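**Q** My file is upload_36.json. It has JSON, C-alpha atoms:
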[["chain", "number", "residue", "atom", "x", "y", "z"],
["A", 127, "MET", "CA", 0.00, 0.00, 0.00],
["A", 128, "ALA", "CA", 2.80, 2.28, 0.86],
["A", 129, "ILE", "CA", 4.36, 1.76, -2.55],
["A", 130, "GLU", "CA", 1.05, 2.46, -4.30],
["A", 131, "GLY", "CA", 0.53, 5.56, -2.18],
["A", 132, "THR", "CA", 3.94, 6.90, -3.17],
["A", 133, "ARG", "CA", 3.24, 6.23, -6.80],
["A", 134, "THR", "CA", -0.06, 8.08, -6.52],
["A", 135, "ASN", "CA", 1.55, 11.10, -4.86],
["A", 136, "SER", "CA", 4.28, 11.17, -7.48],
["A", 137, "SER", "CA", 1.72, 11.01, -10.28],
["A", 138, "SER", "CA", -0.23, 13.95, -8.80],
["A", 139, "LEU", "CA", 2.90, 16.02, -8.54],
["A", 140, "ASP", "CA", 3.82, 15.29, -12.13],
["A", 141, "GLU", "CA", 0.36, 16.36, -13.21],
["A", 142, "ALA", "CA", 0.58, 19.50, -11.14],
["A", 143, "VAL", "CA", 3.95, 20.36, -12.64],
["A", 144, "GLU", "CA", 2.50, 19.75, -16.08],
["A", 145, "HIS", "CA", -0.43, 22.05, -15.25],
["A", 146, "LEU", "CA", 1.99, 24.70, -14.08],
["A", 147, "LYS", "CA", 3.93, 24.45, -17.32],
["A", 148, "GLU", "CA", 0.73, 24.76, -19.30],
["A", 149, "ALA", "CA", -0.38, 27.74, -17.23],
["A", 150, "GLU", "CA", 2.98, 29.42, -17.72],
["A", 151, "ALA", "CA", 2.73, 28.83, -21.44],
["A", 152, "HIS", "CA", -0.75, 30.37, -21.47],
["A", 153, "LEU", "CA", 0.53, 33.34, -19.49],
["A", 154, "GLU", "CA", 3.36, 33.82, -21.94],
["A", 155, "HIS", "CA", 0.92, 33.76, -24.85],
["A", 156, "ALA", "CA", -1.36, 36.14, -23.04],
["A", 157, "ARG", "CA", 1.53, 38.53, -22.44],
["A", 158, "GLU", "CA", 2.48, 38.31, -26.11],
["A", 159, "ASP", "CA", -1.11, 39.01, -27.08],
["A", 160, "GLU", "CA", -1.24, 41.93, -24.68],
["A", 161, "ALA", "CA", 2.01, 43.35, -26.03],
["A", 162, "ARG", "CA", 0.72, 42.93, -29.60],
["A", 163, "ALA", "CA", -2.55, 44.62, -28.69],
["A", 164, "GLU", "CA", -0.69, 47.51, -27.09],
["A", 165, "ARG", "CA", 1.41, 47.91, -30.24],
["A", 166, "GLU", "CA", -1.73, 47.88, -32.37],
["A", 167, "VAL", "CA", -3.37, 50.52, -30.19],
["A", 168, "LYS", "CA", -0.29, 52.73, -30.45],
["A", 169, "GLU", "CA", -0.17, 52.28, -34.22],
["A", 170, "ALA", "CA", -3.86, 53.14, -34.50],
["A", 171, "ILE", "CA", -3.41, 56.29, -32.42],
["A", 172, "HIS", "CA", -0.41, 57.30, -34.53],
["A", 173, "GLU", "CA", -2.41, 56.71, -37.71],
["A", 174, "ILE", "CA", -5.25, 58.85, -36.39],
["A", 175, "GLU", "CA", -2.81, 61.65, -35.50],
["A", 176, "GLU", "CA", -1.12, 61.50, -38.87],
["A", 177, "THR", "CA", -4.44, 61.54, -40.72],
["A", 178, "SER", "CA", -5.63, 64.41, -38.58],
["A", 179, "GLN", "CA", -2.45, 66.40, -39.28],
["A", 180, "ARG", "CA", -2.78, 65.74, -42.99],
["A", 181, "ASP", "CA", -6.27, 67.28, -42.84],
["A", 182, "GLU", "CA", -5.05, 70.44, -41.12],
["A", 183, "VAL", "CA", -3.58, 73.53, -42.71],
["A", 184, "ASP", "CA", -1.99, 76.70, -41.37],
["A", 185, "VAL", "CA", -4.37, 79.63, -41.74],
["A", 186, "HIS", "CA", -3.01, 83.18, -41.69],
["A", 187, "VAL", "CA", -5.42, 86.01, -40.99],
["A", 188, "ILE", "CA", -4.94, 89.78, -40.70],
["A", 189, "HIS", "CA", -7.25, 92.57, -39.60],
["A", 190, "VAL", "CA", -6.35, 95.43, -41.89],
["A", 191, "ASN", "CA", -7.86, 98.14, -39.72],
["A", 192, "GLU", "CA", -6.41, 96.98, -36.43],
["A", 193, "LEU", "CA", -3.00, 95.91, -37.79],
["A", 194, "GLU", "CA", -3.37, 92.58, -36.02],
["A", 195, "LYS", "CA", -2.49, 89.17, -37.40],
["A", 196, "ALA", "CA", -2.66, 85.55, -36.30],
["A", 197, "THR", "CA", -1.80, 82.09, -37.53],
["A", 198, "PHE", "CA", -3.67, 78.97, -36.50],
["A", 199, "LYS", "CA", -4.35, 75.43, -37.62],
["A", 200, "GLU", "CA", -7.69, 74.61, -39.16],
["A", 201, "LYS", "CA", -9.27, 71.54, -40.72],
["A", 202, "ILE", "CA", -9.21, 71.55, -44.48],
["A", 203, "HIS", "CA", -12.91, 70.68, -44.30],
["A", 204, "ALA", "CA", -13.78, 73.79, -42.26],
["A", 205, "THR", "CA", -15.90, 76.33, -44.11],
["A", 206, "LEU", "CA", -14.73, 79.85, -44.81],
["A", 207, "GLN", "CA", -17.47, 81.01, -42.43],
["A", 208, "GLN", "CA", -15.98, 78.84, -39.67],
["A", 209, "VAL", "CA", -12.49, 80.16, -40.44],
["A", 210, "TRP", "CA", -13.79, 83.74, -40.33],
["A", 211, "ASP", "CA", -15.58, 83.12, -37.01],
["A", 212, "LYS", "CA", -12.49, 81.51, -35.47],
["A", 213, "SER", "CA", -10.29, 84.36, -36.70],
["A", 214, "TYR", "CA", -11.78, 86.83, -34.22],
["A", 215, "LYS", "CA", -10.93, 84.54, -31.33],
["A", 216, "GLU", "CA", -7.39, 84.07, -32.60],
["A", 217, "LEU", "CA", -6.97, 87.81, -33.23],
["A", 218, "LYS", "CA", -8.59, 88.61, -29.86],
["A", 219, "LEU", "CA", -10.83, 91.15, -31.55],
["A", 220, "GLU", "CA", -14.56, 91.74, -31.54],
["A", 221, "ARG", "CA", -16.51, 91.32, -34.74],
["A", 222, "LYS", "CA", -18.07, 94.49, -36.09],
["A", 223, "GLN", "CA", -21.45, 94.25, -37.73],
["A", 224, "LYS", "CA", -20.32, 95.12, -41.25],
["A", 225, "ASP", "CA", -16.89, 93.51, -41.28],
["A", 226, "VAL", "CA", -16.07, 91.57, -44.42],
["A", 227, "PHE", "CA", -13.91, 88.50, -45.00],
["A", 228, "GLN", "CA", -11.55, 88.64, -47.95],
["A", 229, "THR", "CA", -8.30, 87.29, -49.29],
["A", 230, "ALA", "CA", -5.13, 88.94, -48.04],
["A", 231, "SER", "CA", -3.28, 90.55, -50.91],
["A", 232, "ALA", "CA", -2.74, 93.88, -52.64],
["A", 233, "GLN", "CA", -5.86, 93.06, -54.62],
["A", 234, "PRO", "CA", -8.07, 91.50, -51.96],
["A", 235, "LYS", "CA", -11.00, 89.44, -53.20],
["A", 236, "SER", "CA", -14.22, 89.43, -51.21],
["A", 237, "LEU", "CA", -15.20, 85.98, -49.95],
["A", 238, "MET", "CA", -18.61, 87.04, -48.71],
["A", 239, "GLY", "CA", -20.39, 85.12, -51.47],
["A", 240, "GLN", "CA", -18.45, 81.91, -50.87],
["A", 241, "LEU", "CA", -18.53, 81.53, -47.10],
["A", 242, "GLN", "CA", -20.19, 78.12, -47.34],
["A", 243, "LEU", "CA", -17.23, 76.61, -49.21],
["A", 244, "THR", "CA", -14.67, 74.57, -47.30],
["A", 245, "LEU", "CA", -11.03, 75.56, -47.44],
["A", 246, "GLU", "CA", -10.42, 72.59, -49.71],
["A", 247, "GLN", "CA", -13.29, 73.48, -52.05],
["A", 248, "ALA", "CA", -12.27, 77.14, -52.16],
["A", 249, "ARG", "CA", -8.71, 76.17, -53.02],
["A", 250, "ASP", "CA", -9.72, 73.58, -55.62],
["A", 251, "ARG", "CA", -12.18, 75.98, -57.28],
["A", 252, "LYS", "CA", -9.47, 78.69, -57.36],
["A", 253, "VAL", "CA", -11.56, 81.01, -55.19],
["A", 254, "ILE", "CA", -8.45, 81.31, -53.03],
["A", 255, "GLU", "CA", -4.81, 80.83, -53.95],
["A", 256, "ASN", "CA", -3.58, 80.16, -50.43],
["A", 257, "PHE", "CA", -4.79, 80.21, -46.86],
["A", 258, "HIS", "CA", -4.06, 83.89, -46.21],
["A", 259, "PHE", "CA", -7.16, 85.89, -45.30],
["A", 260, "GLY", "CA", -8.06, 89.42, -44.28],
["A", 261, "ILE", "CA", -10.83, 91.08, -42.31],
["A", 262, "ALA", "CA", -11.75, 94.67, -43.18],
["A", 263, "SER", "CA", -14.15, 96.96, -41.37],
["A", 264, "GLU", "CA", -16.73, 99.16, -43.00],
["A", 265, "THR", "CA", -16.08, 102.75, -43.93],
["A", 266, "GLY", "CA", -18.62, 105.43, -44.73],
["A", 267, "GLY", "CA", -18.93, 106.82, -48.24],
["A", 268, "ALA", "CA", -21.29, 107.79, -51.01],
["B", 94, "MET", "CA", -28.31, 104.85, -37.50],
["B", 95, "ALA", "CA", -28.51, 108.65, -37.64],
["B", 96, "GLN", "CA", -25.71, 110.37, -39.46],
["B", 97, "ILE", "CA", -23.82, 113.41, -38.28],
["B", 98, "VAL", "CA", -21.46, 115.85, -39.96],
["B", 99, "PRO", "CA", -18.10, 115.60, -38.19],
["B", 100, "PRO", "CA", -15.99, 118.72, -37.58],
["B", 101, "MET", "CA", -13.58, 119.82, -40.28],
["B", 102, "PRO", "CA", -9.98, 118.57, -40.15],
["B", 103, "VAL", "CA", -7.39, 120.84, -38.59],
["B", 104, "LEU", "CA", -4.02, 120.88, -40.33],
["B", 105, "ASP", "CA", -0.90, 120.18, -38.30],
["B", 106, "ILE", "CA", 1.82, 119.14, -40.71],
["B", 107, "ALA", "CA", 4.53, 118.63, -38.09],
["B", 108, "ARG", "CA", 2.30, 116.26, -36.17],
["B", 109, "GLY", "CA", 1.27, 114.54, -39.38],
["B", 110, "ILE", "CA", 4.89, 113.88, -40.33],
["B", 111, "ALA", "CA", 5.71, 112.61, -36.85],
["B", 112, "SER", "CA", 2.71, 110.29, -36.91],
["B", 113, "LEU", "CA", 3.67, 109.01, -40.34],
["B", 114, "ASP", "CA", 7.21, 108.37, -39.10],
["B", 115, "GLU", "CA", 5.71, 106.33, -36.24],
["B", 116, "ASP", "CA", 3.24, 104.42, -38.36],
["B", 117, "ILE", "CA", 5.39, 103.34, -41.28],
["B", 118, "PRO", "CA", 7.39, 100.86, -39.16],
["B", 119, "ARG", "CA", 4.17, 99.55, -37.60],
["B", 120, "VAL", "CA", 2.58, 98.98, -40.99],
["B", 121, "LEU", "CA", 5.73, 97.43, -42.43],
["B", 122, "ALA", "CA", 5.98, 95.03, -39.49],
["B", 123, "PHE", "CA", 2.33, 94.14, -39.95],
["B", 124, "LEU", "CA", 2.91, 93.41, -43.63],
["B", 125, "GLY", "CA", 6.12, 91.50, -42.95],
["B", 126, "LYS", "CA", 8.32, 93.99, -44.81],
["B", 127, "THR", "CA", 11.32, 96.05, -43.82],
["B", 128, "ALA", "CA", 11.15, 98.90, -46.36],
["B", 129, "ILE", "CA", 8.34, 100.69, -48.19],
["B", 130, "GLU", "CA", 10.09, 100.00, -51.49],
["B", 131, "GLU", "CA", 9.38, 96.29, -51.04],
["B", 132, "LEU", "CA", 5.71, 97.19, -51.40],
["B", 133, "GLY", "CA", 6.28, 99.45, -54.38],
["B", 134, "TRP", "CA", 5.58, 102.48, -52.20],
["B", 135, "GLN", "CA", 7.51, 105.77, -52.30],
["B", 136, "ARG", "CA", 7.83, 108.71, -49.96],
["B", 137, "PRO", "CA", 8.53, 111.66, -52.24],
["B", 138, "ASN", "CA", 8.62, 114.05, -49.29],
["B", 139, "LYS", "CA", 8.15, 113.84, -45.55],
["B", 140, "SER", "CA", 4.40, 114.33, -45.66],
["B", 141, "SER", "CA", 3.44, 112.20, -48.66],
["B", 142, "LEU", "CA", 3.30, 108.55, -49.53],
["B", 143, "ILE", "CA", 2.80, 107.08, -52.99],
["B", 144, "VAL", "CA", 0.99, 103.75, -53.13],
["B", 145, "PRO", "CA", 0.26, 101.75, -56.30],
["B", 146, "ILE", "CA", -3.30, 100.49, -56.54],
["B", 147, "HIS", "CA", -4.54, 97.91, -59.02],
["B", 148, "GLY", "CA", -7.92, 97.18, -60.49],
["B", 149, "THR", "CA", -8.99, 94.19, -62.58],
["B", 150, "LEU", "CA", -11.95, 94.27, -64.93],
["B", 151, "ASN", "CA", -12.78, 91.46, -67.36],
["B", 152, "GLY", "CA", -9.37, 89.93, -66.77],
["B", 153, "VAL", "CA", -7.51, 93.15, -67.55],
["B", 154, "THR", "CA", -5.50, 94.62, -64.67],
["B", 155, "GLU", "CA", -4.65, 98.31, -64.66],
["B", 156, "SER", "CA", -2.43, 100.26, -62.32],
["B", 157, "TYR", "CA", -3.17, 103.55, -60.59],
["B", 158, "VAL", "CA", -1.13, 105.77, -58.34],
["B", 159, "LEU", "CA", -2.58, 106.88, -55.02],
["B", 160, "ARG", "CA", -0.99, 109.82, -53.25],
["B", 161, "LEU", "CA", -1.56, 110.07, -49.51],
["B", 162, "GLY", "CA", -0.99, 113.37, -47.73],
["B", 163, "PHE", "CA", -0.45, 113.66, -44.01],
["B", 164, "ALA", "CA", -1.17, 117.30, -43.21],
["B", 165, "ALA", "CA", -3.86, 116.48, -40.63],
["B", 166, "TYR", "CA", -2.84, 112.95, -39.73],
["B", 167, "ARG", "CA", -3.45, 110.94, -37.46],
["B", 168, "LYS", "CA", -6.28, 112.78, -35.76],
["B", 169, "TRP", "CA", -7.75, 112.82, -39.25],
["B", 170, "PRO", "CA", -7.20, 110.36, -42.08],
["B", 171, "PRO", "CA", -4.65, 111.05, -44.79],
["B", 172, "SER", "CA", -5.63, 113.00, -47.84],
["B", 173, "ALA", "CA", -6.07, 110.51, -50.69],
["B", 174, "GLN", "CA", -5.85, 111.44, -54.36],
["B", 175, "PHE", "CA", -5.27, 109.38, -57.46],
["B", 176, "VAL", "CA", -2.58, 111.19, -59.43],
["B", 177, "ASN", "CA", -0.86, 111.28, -62.78],
["B", 178, "PRO", "CA", 2.03, 108.81, -62.38],
["B", 179, "GLY", "CA", 4.31, 111.13, -64.32],
["B", 180, "THR", "CA", 3.71, 114.29, -62.31],
["B", 181, "LEU", "CA", 2.36, 112.80, -59.05],
["B", 182, "VAL", "CA", -0.35, 115.50, -59.03],
["B", 183, "TYR", "CA", -3.90, 115.61, -60.30],
["B", 184, "ALA", "CA", -5.30, 118.29, -62.53],
["B", 185, "HIS", "CA", -8.86, 118.11, -63.79],
["B", 186, "PRO", "CA", -9.78, 117.35, -66.51],
["B", 187, "VAL", "CA", -6.46, 116.49, -68.16],
["B", 188, "ASP", "CA", -5.57, 113.78, -65.62],
["B", 189, "GLN", "CA", -9.02, 112.32, -65.25],
["B", 190, "HIS", "CA", -8.03, 109.12, -67.08],
["B", 191, "HIS", "CA", -5.60, 108.37, -64.26],
["B", 192, "LEU", "CA", -8.58, 107.74, -61.99],
["B", 193, "PRO", "CA", -10.35, 104.43, -61.54],
["B", 194, "ILE", "CA", -14.12, 104.27, -61.67],
["B", 195, "VAL", "CA", -15.14, 103.01, -58.24],
["B", 196, "THR", "CA", -18.75, 103.10, -57.12],
["B", 197, "SER", "CA", -18.75, 101.19, -53.86],
["B", 198, "PRO", "CA", -21.29, 102.24, -51.22],
["B", 199, "GLU", "CA", -18.27, 102.76, -48.97],
["B", 200, "CYS", "CA", -15.93, 104.39, -51.44],
["B", 201, "HIS", "CA", -16.84, 106.40, -54.53],
["B", 202, "VAL", "CA", -14.35, 108.19, -56.76],
["B", 203, "HIS", "CA", -15.47, 111.59, -58.09],
["B", 204, "PRO", "CA", -13.09, 113.22, -60.62],
["B", 205, "ASN", "CA", -14.44, 116.72, -60.04],
["B", 206, "TYR", "CA", -16.64, 116.99, -56.98],
["B", 207, "SER", "CA", -18.34, 120.28, -56.24],
["B", 208, "ALA", "CA", -18.27, 120.94, -52.52],
["B", 209, "ALA", "CA", -20.83, 123.08, -50.74],
["B", 210, "ASN", "CA", -18.30, 125.92, -50.38],
["B", 211, "GLY", "CA", -17.94, 126.13, -54.15],
["B", 212, "ARG", "CA", -14.58, 124.37, -54.23],
["B", 213, "THR", "CA", -14.11, 121.56, -56.74],
["B", 214, "LEU", "CA", -11.76, 118.67, -56.13],
["B", 215, "GLN", "CA", -11.10, 115.02, -56.75],
["B", 216, "LEU", "CA", -12.96, 113.20, -54.01],
["B", 217, "ILE", "CA", -12.47, 109.61, -52.95],
["B", 218, "CYS", "CA", -15.67, 109.62, -50.97],
["B", 219, "CYS", "CA", -14.78, 107.36, -48.06],
["B", 220, "SER", "CA", -14.65, 108.06, -44.35],
["B", 221, "ALA", "CA", -10.98, 107.00, -44.40],
["B", 222, "THR", "CA", -9.90, 110.03, -46.47],
["B", 223, "GLN", "CA", -9.35, 113.59, -45.31],
["B", 224, "GLU", "CA", -11.33, 115.00, -48.24],
["B", 225, "PHE", "CA", -14.44, 113.23, -47.00],
["B", 226, "TYR", "CA", -14.34, 115.48, -43.91],
["B", 227, "ASP", "CA", -13.15, 118.53, -45.85],
["B", 228, "THR", "CA", -16.38, 118.33, -47.84],
["B", 229, "ALA", "CA", -18.53, 117.95, -44.72],
["B", 230, "HIS", "CA", -20.05, 114.60, -45.56],
["B", 231, "PRO", "CA", -22.55, 113.18, -43.07],
["B", 232, "VAL", "CA", -21.58, 109.78, -41.69],
["B", 233, "GLU", "CA", -22.66, 107.29, -39.04],
["B", 234, "PRO", "CA", -20.80, 108.11, -35.81],
["B", 235, "THR", "CA", -19.36, 104.58, -35.61],
["B", 236, "LEU", "CA", -17.68, 105.03, -38.98],
["B", 237, "ILE", "CA", -15.89, 108.29, -38.23],
["B", 238, "TRP", "CA", -12.11, 108.06, -38.44],
["B", 239, "SER", "CA", -10.47, 107.15, -35.16],
["B", 240, "GLY", "CA", -7.08, 108.43, -34.10],
["B", 241, "GLN", "CA", -6.23, 104.78, -33.45],
["B", 242, "ASN", "CA", -6.41, 104.03, -37.18],
["B", 243, "THR", "CA", -3.37, 104.19, -39.41],
["B", 244, "PHE", "CA", -3.00, 105.17, -43.05],
["B", 245, "TYR", "CA", -3.20, 101.48, -43.88],
["B", 246, "THR", "CA", -6.92, 101.67, -43.06],
["B", 247, "THR", "CA", -7.19, 104.12, -45.96],
["B", 248, "VAL", "CA", -5.16, 101.94, -48.31],
["B", 249, "ALA", "CA", -7.13, 98.84, -47.32],
["B", 250, "ALA", "CA", -10.50, 100.58, -47.74],
["B", 251, "ILE", "CA", -9.59, 101.66, -51.27],
["B", 252, "GLN", "CA", -8.16, 98.25, -52.12],
["B", 253, "LYS", "CA", -11.33, 96.63, -50.81],
["B", 254, "ALA", "CA", -13.53, 98.85, -52.98],
["B", 255, "MET", "CA", -11.28, 98.27, -56.01],
["B", 256, "ALA", "CA", -11.59, 94.52, -55.52],
["B", 257, "SER", "CA", -15.37, 94.43, -55.81],
["B", 258, "PHE", "CA", -16.57, 97.71, -57.34],
["B", 259, "TYR", "CA", -13.95, 98.61, -59.93],
["B", 260, "GLY", "CA", -15.44, 99.72, -63.22],
["B", 261, "GLY", "CA", -12.42, 100.52, -65.35],
["B", 262, "ARG", "CA", -10.72, 103.83, -66.05],
["B", 263, "PHE", "CA", -12.29, 107.26, -66.52],
["B", 264, "ALA", "CA", -12.23, 108.39, -70.14],
["B", 265, "LYS", "CA", -9.39, 110.48, -71.44],
["B", 266, "PRO", "CA", -10.71, 114.02, -72.06]]
Here is a file; write its structure as structure tokens.
**A**
Amino acid sequence: MAIEGTRTNSSSLDEAVEHLKEAEAHLEHAREDEARAEREVKEAIHEIEETSQRDEVDVHVIHVNELEKATFKEKIHATLQQVWDKSYKELKLERKQKDVFQTASAQPKSLMGQLQLTLEQARDRKVIENFHFGIASETGGA
Amino acid sequence: MAQIVPPMPVLDIARGIASLDEDIPRVLAFLGKTAIEELGWQRPNKSSLIVPIHGTLNGVTESYVLRLGFAAYRKWPPSAQFVNPGTLVYAHPVDQHHLPIVTSPECHVHPNYSAANGRTLQLICCSATQEFYDTAHPVEPTLIWSGQNTFYTTVAAIQKAMASFYGGRFAKP
């Protein structure tokens, strides 16, 4: 009986060791999976950031009456109206009722009829040549 | 909004020159330039500035010469006159073809405006020019020239009108 008992105890130990080895193998696989998943998450975040940066452009805006200027990043899919609205915040100026949004050049072109276009559309349709814009206030005249 | 007739400009050439001296560097810095020549501008004397202005109609771009005078500046806007590029002065009617036709609600070019006092002059009718006040034009109080403005407000107002309301050149007499 004693011999049988020893054999039984030895068999249980072998099984337990085998279970431990299996568990360690599973843990190793799990860690590999976790590491792979972490890499994939990082790659996905990087891809999102890169895509987002590709969709952004540097916008330059000046206020010709106040001699103020600002540069900021904006989505290429933002409309000219959105760019105009954001410009006041970036310039730290208040909008005046009859301000107009225009291109910034020696021959400024009014953009008031194209405010619904996105930056991309305005560029592709040659409404604008670049992302330089100007805000001008009203004057009186006759 | 009700319009008022602002007081007439008071000339102070020394102050005008000093203000122009102060403002040129500000405007150049704003435009990212270091000298007026980079913009095609000239300063023929201490109280004048020459600025090229362009107008495009039906794909044809023409150049004009704007002369700004600073005799009452900066409490009042600069005088603004389109001039003969050869003489840098304007004489009516012989120089009339050196004027652009601009009929913006905010800026209207008159080659020979008759003021109430009987004087006739070229008038760029815009609240950013001295002549607008010399001729006692009524204007909304919010649009009256502010001493915080610079001459670039005048240039920009004329450029803005030229961009959307340019109608070509006045006929040669």
**Q** For A:Ser231, which residue among A:Ala149, A:Ile188, A:Gln247, A:Glu194 is the nearest when counting all atoms listed in the file?
**A**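 Checking each of A:Ala149, A:Ile188, A:Gln247, A:Glu194 against A:Ser231, counting all atoms listed in the file, the winner is A:Ile188.
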**Q** Quick one: distance from atom CA of A:Glu264 to atom CA of B:Pro234 in Å, one decimal?
**A**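 Atom CA of A:Glu264 sits 12.2 Å away from atom CA of B:Pro234.
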**Q** Given a cut-off of 8 Å, which residues of chain B touch chain A, counting all atoms listed in the file, written out as a PyMOL selection string?
**A** chain B and resi 120+123+146-148+197-201+218-221+225+232-233+236-237+242-243+245-246+249-250+252-253+255-257
**Q** Just give me the gap between atom CA of A:Asn135 and atom CA of A:His152 in Å, one decimal is fine.
**A**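 So the answer is 25.5 Å.
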**Q** Measuring atom to atom with only C-alpha atoms, identify which of A:Arg165, A:His186, A:His155, A:Arg180 is nearest to A:Trp210.
**A**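 So, comparing all the options, the nearest one is A:His186.
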**Q** With a distance cut-off of 6 Å and all atoms listed in the file, select the neighbouring residues of A:Leu237, excluding the residue or stretch itself and same-chain residues fewer than 2 positions from it, and output the selection as a list in words.
**A**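 Residues meeting the cut-off are Phe227, Gln228, Gly239 and Gln240 of chain A.
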**Q** Which one is closest to B:Trp169: B:Trp238, B:Phe244, B:Phe258, B:Phe263? Count all atoms listed in the file.
**A**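 Result for the nearest residue to B:Trp169: B:Trp238.
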**Q** Around the point (-12.6, 113.9, -49.7), in the coordinates given by the file, pick out the residues reaching within 12 Å, counting all atoms listed in the file, and return them as a ChimeraX atom specification.
**A** /A:266-268 /B:101-102,161-162,169-175,200-208,212-231,247
**Q** Rounded to one decimal place, report the atom CA of B:Val144-atom CA of B:Gly211 distance in Å.
**A**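 Value for the atom CA of B:Val144-atom CA of B:Gly211 distance: 29.3 Å.
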**Q** Measuring between all atoms listed in the file, which one of A:Ile254, A:Leu241, A:Ala156, A:Val167 shows the shortest distance to A:Ala204?
**A**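 Counting all atoms listed in the file, the residue closest to A:Ala204 is A:Leu241.
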**Q** First collect every listed atom of stretch 228-231 of chain A; then fit an axis-aligned box around them, widen it by 8 Å on each side, and give centre and edge lengths in Å to one decimal, as AutoDock Vina command-line options.
**A**
--center_x -7.4 --center_y 88.9 --center_z -49.4 --size_x 24.3 --size_y 19.3 --size_z 19.0
**Q** Quick one: everything within 10 Å of B:Arg108, counting all atoms listed in the file, minus sequence neighbours fewer than 5 positions away in the same chain. Send it as a PyMOL selection string.
**A** chain B and resi 113-114+140+163-168
